[in-house]
Amino acid sequence: VGERSGRKFNYGILENKEFTYDTEPACRAVVTMRELKPEKEFEFFKAVQLAFYYENKNTNDLGIYPVIAAQFGVDKKTFSDKFNSEEMKNKVRNDFTRSGEMGVRGFPTVVLKKGEEYFLITNGYDTSENLIEKINGLIK
């Protein structure tokens, strides 16, 4: 991934035998930001990715998310309260269910929404040329 994307990765955290790779907290943090500041959702997502893949932050340490959220102007306590709510736990479960219904089985995945229909473009890595060809085939 690092070679293809040109991004630097730090794999140190993955060498920690005590670390359990659980994406639910990170996904719930993004859903929380979507609720609190939807215009910052994607930037927040990128910051969470950077914290894990480059800075080796433990994404199971729930204390990292309010700190990242504060960088986007969200009060830490407000973020923590919302993040820990049953509402956000339910919303992230709903996101997982919805992505499964769209055919998402791994990452990266690209899904195109056309009208009310969803089309799976790729489930896993594909070249930009192939992605563009598939998308153009569907939008014409």
# chains A, B, ... in the order shown; residues from 1 in each chain; ligands from 1
$ residues_around --residues "Pro25 of chain A" --least-positions-apart "6" --cutoff "9 Å" --atoms "only C-alpha atoms" --output "list in words"
Thr59, Asn60, Asp61, Leu62, Tyr65 and Phe83 of chain A
$ write_last_selection --atoms "all heavy atoms" --output "compact mmCIF listing (two decimals), in the first residue's frame"
# COMPACT_ATOMS: atom_id res chain seq x y z
N THR A 59 -5.56 2.44 18.22
CA THR A 59 -6.95 2.83 17.95
C THR A 59 -7.93 2.20 18.93
O THR A 59 -9.12 2.51 18.88
CB THR A 59 -7.33 2.48 16.50
OG1 THR A 59 -7.00 1.11 16.25
CG2 THR A 59 -6.60 3.38 15.52
N ASN A 60 -7.46 1.32 19.79
CA ASN A 60 -8.30 0.79 20.87
C ASN A 60 -8.25 1.70 22.10
O ASN A 60 -9.03 1.52 23.03
CB ASN A 60 -7.86 -0.62 21.25
CG ASN A 60 -8.04 -1.59 20.11
OD1 ASN A 60 -9.00 -1.50 19.35
ND2 ASN A 60 -7.11 -2.50 19.96
N ASP A 61 -7.32 2.65 22.10
CA ASP A 61 -7.22 3.64 23.17
C ASP A 61 -8.22 4.75 22.83
O ASP A 61 -7.95 5.61 21.99
CB ASP A 61 -5.81 4.19 23.25
CG ASP A 61 -5.66 5.35 24.22
OD1 ASP A 61 -6.66 5.72 24.89
OD2 ASP A 61 -4.55 5.91 24.30
N LEU A 62 -9.37 4.70 23.44
CA LEU A 62 -10.45 5.61 23.09
C LEU A 62 -10.13 7.07 23.39
O LEU A 62 -10.81 7.96 22.90
CB LEU A 62 -11.74 5.18 23.79
CG LEU A 62 -12.14 3.71 23.55
CD1 LEU A 62 -13.48 3.42 24.22
CD2 LEU A 62 -12.17 3.36 22.08
N TYR A 65 -9.27 9.71 20.22
CA TYR A 65 -10.27 10.31 19.33
C TYR A 65 -10.69 11.73 19.74
O TYR A 65 -10.78 12.61 18.88
CB TYR A 65 -11.46 9.39 19.16
CG TYR A 65 -11.04 8.05 18.60
CD1 TYR A 65 -11.12 6.89 19.36
CD2 TYR A 65 -10.52 7.95 17.32
CE1 TYR A 65 -10.71 5.67 18.86
CE2 TYR A 65 -10.10 6.73 16.80
CZ TYR A 65 -10.20 5.59 17.58
OH TYR A 65 -9.77 4.39 17.08
N PHE A 83 -19.46 9.95 21.48
CA PHE A 83 -18.78 8.73 21.05
C PHE A 83 -19.21 7.54 21.90
O PHE A 83 -19.43 6.44 21.38
CB PHE A 83 -17.26 8.94 21.16
CG PHE A 83 -16.44 7.71 20.87
CD1 PHE A 83 -16.09 7.39 19.57
CD2 PHE A 83 -16.02 6.88 21.89
CE1 PHE A 83 -15.34 6.25 19.29
CE2 PHE A 83 -15.26 5.75 21.63
CZ PHE A 83 -14.92 5.43 20.33
$ residues_around --residues "Leu138 of chain A" --least-positions-apart "6" --cutoff "9 Å" --atoms "only C-alpha atoms" --output "list of chain:residue names"
A:Leu112, A:Lys114, A:Phe119
$ atom_distance --atom1 "atom CA of Ser128 of chain A" --atom2 "atom CA of Glu3 of chain A"
14.9 Å
$ residues_around --residues "Ala70 of chain A" --least-positions-apart "5" --cutoff "12 Å" --atoms "only C-alpha atoms" --output "PyMOL selection string"
chain A and resi 33+36-37+40+44+47+63-65+75-80
$ write_last_selection --atoms "N, CA, C and O atoms" --output "short mmCIF file (atom, residue, chain, number, x, y, z; two decimals), in the first residue's frame"
data_model
loop_
_atom_site.label_atom_id
_atom_site.label_comp_id
_atom_site.auth_asym_id
_atom_site.auth_seq_id
_atom_site.Cartn_x
_atom_site.Cartn_y
_atom_site.Cartn_z
N MET A 33 -17.99 12.10 14.45
CA MET A 33 -17.65 13.37 13.79
C MET A 33 -18.69 13.72 12.74
O MET A 33 -19.07 14.89 12.60
N LEU A 36 -21.43 15.38 14.63
CA LEU A 36 -21.10 16.66 15.26
C LEU A 36 -20.69 17.74 14.27
O LEU A 36 -21.02 18.91 14.45
N LYS A 37 -19.93 17.34 13.25
CA LYS A 37 -19.40 18.31 12.29
C LYS A 37 -19.26 17.61 10.94
O LYS A 37 -18.16 17.25 10.51
N LYS A 40 -16.53 18.10 8.33
CA LYS A 40 -15.15 17.72 8.67
C LYS A 40 -14.96 16.20 8.70
O LYS A 40 -13.88 15.70 9.04
N PHE A 44 -11.37 14.34 9.22
CA PHE A 44 -11.21 13.61 10.47
C PHE A 44 -10.82 12.16 10.19
O PHE A 44 -9.92 11.62 10.83
N ALA A 47 -7.26 11.98 9.41
CA ALA A 47 -6.44 12.18 10.61
C ALA A 47 -6.38 10.92 11.45
O ALA A 47 -5.33 10.59 12.03
N GLY A 63 -9.07 7.31 24.13
CA GLY A 63 -8.66 8.67 24.44
C GLY A 63 -8.04 9.42 23.27
O GLY A 63 -7.93 10.65 23.32
N ILE A 64 -7.64 8.71 22.23
CA ILE A 64 -7.02 9.42 21.10
C ILE A 64 -8.04 10.19 20.27
O ILE A 64 -7.72 11.22 19.68
N TYR A 65 -9.27 9.71 20.22
CA TYR A 65 -10.27 10.31 19.33
C TYR A 65 -10.69 11.73 19.74
O TYR A 65 -10.78 12.61 18.88
N ASP A 75 -15.22 20.13 20.95
CA ASP A 75 -14.89 20.02 22.36
C ASP A 75 -14.66 18.54 22.73
O ASP A 75 -15.46 17.67 22.35
N LYS A 76 -13.59 18.26 23.47
CA LYS A 76 -13.24 16.88 23.81
C LYS A 76 -14.34 16.17 24.59
O LYS A 76 -14.66 15.01 24.32
N LYS A 77 -14.91 16.85 25.57
CA LYS A 77 -15.96 16.22 26.37
C LYS A 77 -17.21 15.97 25.53
O LYS A 77 -17.82 14.90 25.63
N THR A 78 -17.57 16.91 24.71
CA THR A 78 -18.73 16.73 23.82
C THR A 78 -18.51 15.53 22.93
O THR A 78 -19.40 14.69 22.76
N PHE A 79 -17.31 15.44 22.36
CA PHE A 79 -17.01 14.31 21.49
C PHE A 79 -17.06 12.99 22.27
O PHE A 79 -17.68 12.03 21.82
N SER A 80 -16.43 12.95 23.43
CA SER A 80 -16.39 11.72 24.24
C SER A 80 -17.79 11.27 24.62
O SER A 80 -18.11 10.07 24.53
#
$ atom_distance --atom1 "atom CA of Tyr11 of chain A" --atom2 "atom CA of Asn130 of chain A"
29.0 Å
$ select_by_dssp --residues "segment 12-115 of chain A" --states "alpha helix (DSSP H)" --output "MDAnalysis selection string"
chainID A and resid 24:36 41:53 64:70 76:83 86:101
$ write_last_selection --atoms "C-alpha atoms" --output "PDB file, in the first residue's frame"
ATOM      1  CA  GLU A  24     -15.086  -0.473  15.401  1.00  0.00           C
ATOM      2  CA  PRO A  25     -13.723   2.332  17.624  1.00  0.00           C
ATOM      3  CA  ALA A  26     -12.177   4.193  14.678  1.00  0.00           C
ATOM      4  CA  CYS A  27     -15.347   3.780  12.619  1.00  0.00           C
ATOM      5  CA  ARG A  28     -17.485   4.944  15.542  1.00  0.00           C
ATOM      6  CA  ALA A  29     -15.225   7.980  15.950  1.00  0.00           C
ATOM      7  CA  VAL A  30     -15.800   8.891  12.291  1.00  0.00           C
ATOM      8  CA  VAL A  31     -19.566   8.402  12.687  1.00  0.00           C
ATOM      9  CA  THR A  32     -19.421  10.651  15.755  1.00  0.00           C
ATOM     10  CA  MET A  33     -17.649  13.369  13.794  1.00  0.00           C
ATOM     11  CA  ARG A  34     -20.251  12.953  11.032  1.00  0.00           C
ATOM     12  CA  GLU A  35     -22.918  13.752  13.614  1.00  0.00           C
ATOM     13  CA  LEU A  36     -21.105  16.660  15.261  1.00  0.00           C
ATOM     14  CA  GLU A  41     -15.919  13.974   8.469  1.00  0.00           C
ATOM     15  CA  PHE A  42     -13.489  13.112   5.669  1.00  0.00           C
ATOM     16  CA  GLU A  43     -10.661  15.244   7.084  1.00  0.00           C
ATOM     17  CA  PHE A  44     -11.205  13.613  10.474  1.00  0.00           C
ATOM     18  CA  PHE A  45     -11.163  10.162   8.835  1.00  0.00           C
ATOM     19  CA  LYS A  46      -7.806  10.990   7.247  1.00  0.00           C
ATOM     20  CA  ALA A  47      -6.442  12.183  10.611  1.00  0.00           C
ATOM     21  CA  VAL A  48      -7.509   8.915  12.283  1.00  0.00           C
ATOM     22  CA  GLN A  49      -5.825   6.940   9.482  1.00  0.00           C
ATOM     23  CA  LEU A  50      -2.636   8.992   9.913  1.00  0.00           C
ATOM     24  CA  ALA A  51      -2.699   8.458  13.687  1.00  0.00           C
ATOM     25  CA  PHE A  52      -2.835   4.681  13.235  1.00  0.00           C
ATOM     26  CA  TYR A  53      -0.831   3.927  10.116  1.00  0.00           C
ATOM     27  CA  ILE A  64      -7.018   9.421  21.098  1.00  0.00           C
ATOM     28  CA  TYR A  65     -10.271  10.315  19.329  1.00  0.00           C
ATOM     29  CA  PRO A  66     -11.273  13.376  21.410  1.00  0.00           C
ATOM     30  CA  VAL A  67      -7.738  14.722  20.965  1.00  0.00           C
ATOM     31  CA  ILE A  68      -8.009  14.356  17.190  1.00  0.00           C
ATOM     32  CA  ALA A  69     -11.542  15.815  17.238  1.00  0.00           C
ATOM     33  CA  ALA A  70     -10.258  18.881  19.088  1.00  0.00           C
ATOM     34  CA  LYS A  76     -13.235  16.877  23.813  1.00  0.00           C
ATOM     35  CA  LYS A  77     -15.962  16.219  26.374  1.00  0.00           C
ATOM     36  CA  THR A  78     -18.730  16.734  23.824  1.00  0.00           C
ATOM     37  CA  PHE A  79     -17.006  14.306  21.487  1.00  0.00           C
ATOM     38  CA  SER A  80     -16.391  11.721  24.238  1.00  0.00           C
ATOM     39  CA  ASP A  81     -19.974  11.855  25.474  1.00  0.00           C
ATOM     40  CA  LYS A  82     -21.358  11.410  21.976  1.00  0.00           C
ATOM     41  CA  PHE A  83     -18.778   8.734  21.050  1.00  0.00           C
ATOM     42  CA  GLU A  86     -25.665   4.037  22.585  1.00  0.00           C
ATOM     43  CA  GLU A  87     -26.829   6.204  19.692  1.00  0.00           C
ATOM     44  CA  MET A  88     -23.334   6.205  18.112  1.00  0.00           C
ATOM     45  CA  LYS A  89     -22.836   2.501  18.807  1.00  0.00           C
ATOM     46  CA  ASN A  90     -26.096   1.818  16.970  1.00  0.00           C
ATOM     47  CA  LYS A  91     -25.229   4.165  14.107  1.00  0.00           C
ATOM     48  CA  VAL A  92     -21.868   2.487  13.476  1.00  0.00           C
ATOM     49  CA  ARG A  93     -23.537  -0.941  13.537  1.00  0.00           C
ATOM     50  CA  ASN A  94     -26.019   0.380  10.985  1.00  0.00           C
ATOM     51  CA  ASP A  95     -23.122   1.583   8.812  1.00  0.00           C
ATOM     52  CA  PHE A  96     -21.551  -1.885   8.994  1.00  0.00           C
ATOM     53  CA  THR A  97     -24.854  -3.504   8.022  1.00  0.00           C
ATOM     54  CA  ARG A  98     -25.394  -1.083   5.146  1.00  0.00           C
ATOM     55  CA  SER A  99     -21.887  -1.571   3.762  1.00  0.00           C
ATOM     56  CA  GLY A 100     -22.391  -5.334   3.878  1.00  0.00           C
ATOM     57  CA  GLU A 101     -25.648  -4.959   1.968  1.00  0.00           C
TER      58      GLU A 101
END
$ select_by_dssp --residues "chain A" --states "strand (DSSP E)" --output "list of chain:residue names"
A:Thr109, A:Val110, A:Val111, A:Leu112, A:Lys113, A:Lys114, A:Glu117, A:Tyr118, A:Phe119, A:Leu120, A:Ile121, A:Thr122, A:Asn123
$ decode --residues "segment 6-17 of chain A" --atoms "all heavy atoms" --output "compact mmCIF listing (two decimals), in the first residue's frame"
# COMPACT_ATOMS: atom_id res chain seq x y z
N GLY A 6 2.39 6.01 -2.22
CA GLY A 6 3.41 7.02 -1.95
C GLY A 6 3.37 7.51 -0.51
O GLY A 6 4.12 8.40 -0.13
N ARG A 7 2.51 6.92 0.32
CA ARG A 7 2.39 7.29 1.73
C ARG A 7 3.36 6.47 2.56
O ARG A 7 3.60 5.30 2.28
CB ARG A 7 0.98 7.03 2.24
CG ARG A 7 -0.06 7.87 1.62
CD ARG A 7 -0.11 9.15 2.37
NE ARG A 7 -1.27 9.92 1.94
CZ ARG A 7 -1.39 11.18 2.23
NH1 ARG A 7 -0.48 11.78 2.94
NH2 ARG A 7 -2.44 11.84 1.83
N LYS A 8 3.87 7.11 3.60
CA LYS A 8 4.74 6.38 4.52
C LYS A 8 3.89 5.67 5.56
O LYS A 8 2.91 6.22 6.05
CB LYS A 8 5.70 7.34 5.20
CG LYS A 8 6.73 7.91 4.26
CD LYS A 8 7.75 8.73 4.99
CE LYS A 8 8.78 9.23 3.99
NZ LYS A 8 9.87 9.92 4.63
N PHE A 9 4.28 4.45 5.86
CA PHE A 9 3.59 3.65 6.86
C PHE A 9 4.60 3.26 7.93
O PHE A 9 5.77 3.06 7.65
CB PHE A 9 3.01 2.37 6.24
CG PHE A 9 1.76 2.59 5.46
CD1 PHE A 9 1.80 3.16 4.20
CD2 PHE A 9 0.53 2.24 5.99
CE1 PHE A 9 0.65 3.38 3.48
CE2 PHE A 9 -0.63 2.45 5.28
CZ PHE A 9 -0.57 3.02 4.01
N ASN A 10 4.11 3.14 9.15
CA ASN A 10 4.92 2.69 10.27
C ASN A 10 4.20 1.47 10.83
O ASN A 10 3.09 1.59 11.34
CB ASN A 10 5.01 3.80 11.32
CG ASN A 10 5.90 3.42 12.48
OD1 ASN A 10 6.18 2.25 12.71
ND2 ASN A 10 6.32 4.42 13.22
N TYR A 11 4.80 0.31 10.69
CA TYR A 11 4.13 -0.93 11.04
C TYR A 11 4.42 -1.39 12.47
O TYR A 11 4.03 -2.49 12.86
CB TYR A 11 4.54 -2.04 10.06
CG TYR A 11 4.17 -1.70 8.64
CD1 TYR A 11 5.12 -1.21 7.75
CD2 TYR A 11 2.88 -1.86 8.18
CE1 TYR A 11 4.78 -0.90 6.44
CE2 TYR A 11 2.52 -1.56 6.89
CZ TYR A 11 3.48 -1.07 6.01
OH TYR A 11 3.14 -0.75 4.74
N GLY A 12 5.06 -0.56 13.26
CA GLY A 12 5.46 -0.93 14.61
C GLY A 12 4.32 -1.44 15.48
O GLY A 12 4.47 -2.43 16.19
N ILE A 13 3.17 -0.79 15.42
CA ILE A 13 2.05 -1.20 16.28
C ILE A 13 1.58 -2.62 15.94
O ILE A 13 1.12 -3.35 16.79
CB ILE A 13 0.89 -0.20 16.22
CG1 ILE A 13 -0.03 -0.43 17.41
CG2 ILE A 13 0.13 -0.27 14.90
CD1 ILE A 13 -0.98 0.70 17.71
N LEU A 14 1.70 -3.00 14.69
CA LEU A 14 1.25 -4.33 14.27
C LEU A 14 2.19 -5.43 14.77
O LEU A 14 1.82 -6.60 14.78
CB LEU A 14 1.12 -4.39 12.75
CG LEU A 14 0.09 -3.42 12.16
CD1 LEU A 14 0.11 -3.48 10.65
CD2 LEU A 14 -1.30 -3.67 12.70
N GLU A 15 3.38 -5.05 15.20
CA GLU A 15 4.33 -6.02 15.74
C GLU A 15 4.07 -6.28 17.23
O GLU A 15 4.61 -7.22 17.79
CB GLU A 15 5.76 -5.51 15.53
CG GLU A 15 6.12 -5.44 14.05
CD GLU A 15 7.39 -4.67 13.77
OE1 GLU A 15 8.07 -4.24 14.73
OE2 GLU A 15 7.70 -4.49 12.58
N ASN A 16 3.23 -5.45 17.85
CA ASN A 16 2.89 -5.62 19.26
C ASN A 16 1.91 -6.78 19.40
O ASN A 16 0.77 -6.70 18.95
CB ASN A 16 2.27 -4.32 19.78
CG ASN A 16 1.83 -4.41 21.22
OD1 ASN A 16 1.80 -5.49 21.82
ND2 ASN A 16 1.45 -3.28 21.77
N LYS A 17 2.33 -7.85 20.01
CA LYS A 17 1.51 -9.05 20.12
C LYS A 17 0.28 -8.84 21.02
O LYS A 17 -0.66 -9.61 20.97
CB LYS A 17 2.35 -10.21 20.62
CG LYS A 17 3.46 -10.56 19.63
CD LYS A 17 3.98 -11.94 19.84
CE LYS A 17 5.16 -12.29 18.97
NZ LYS A 17 5.09 -11.98 17.59
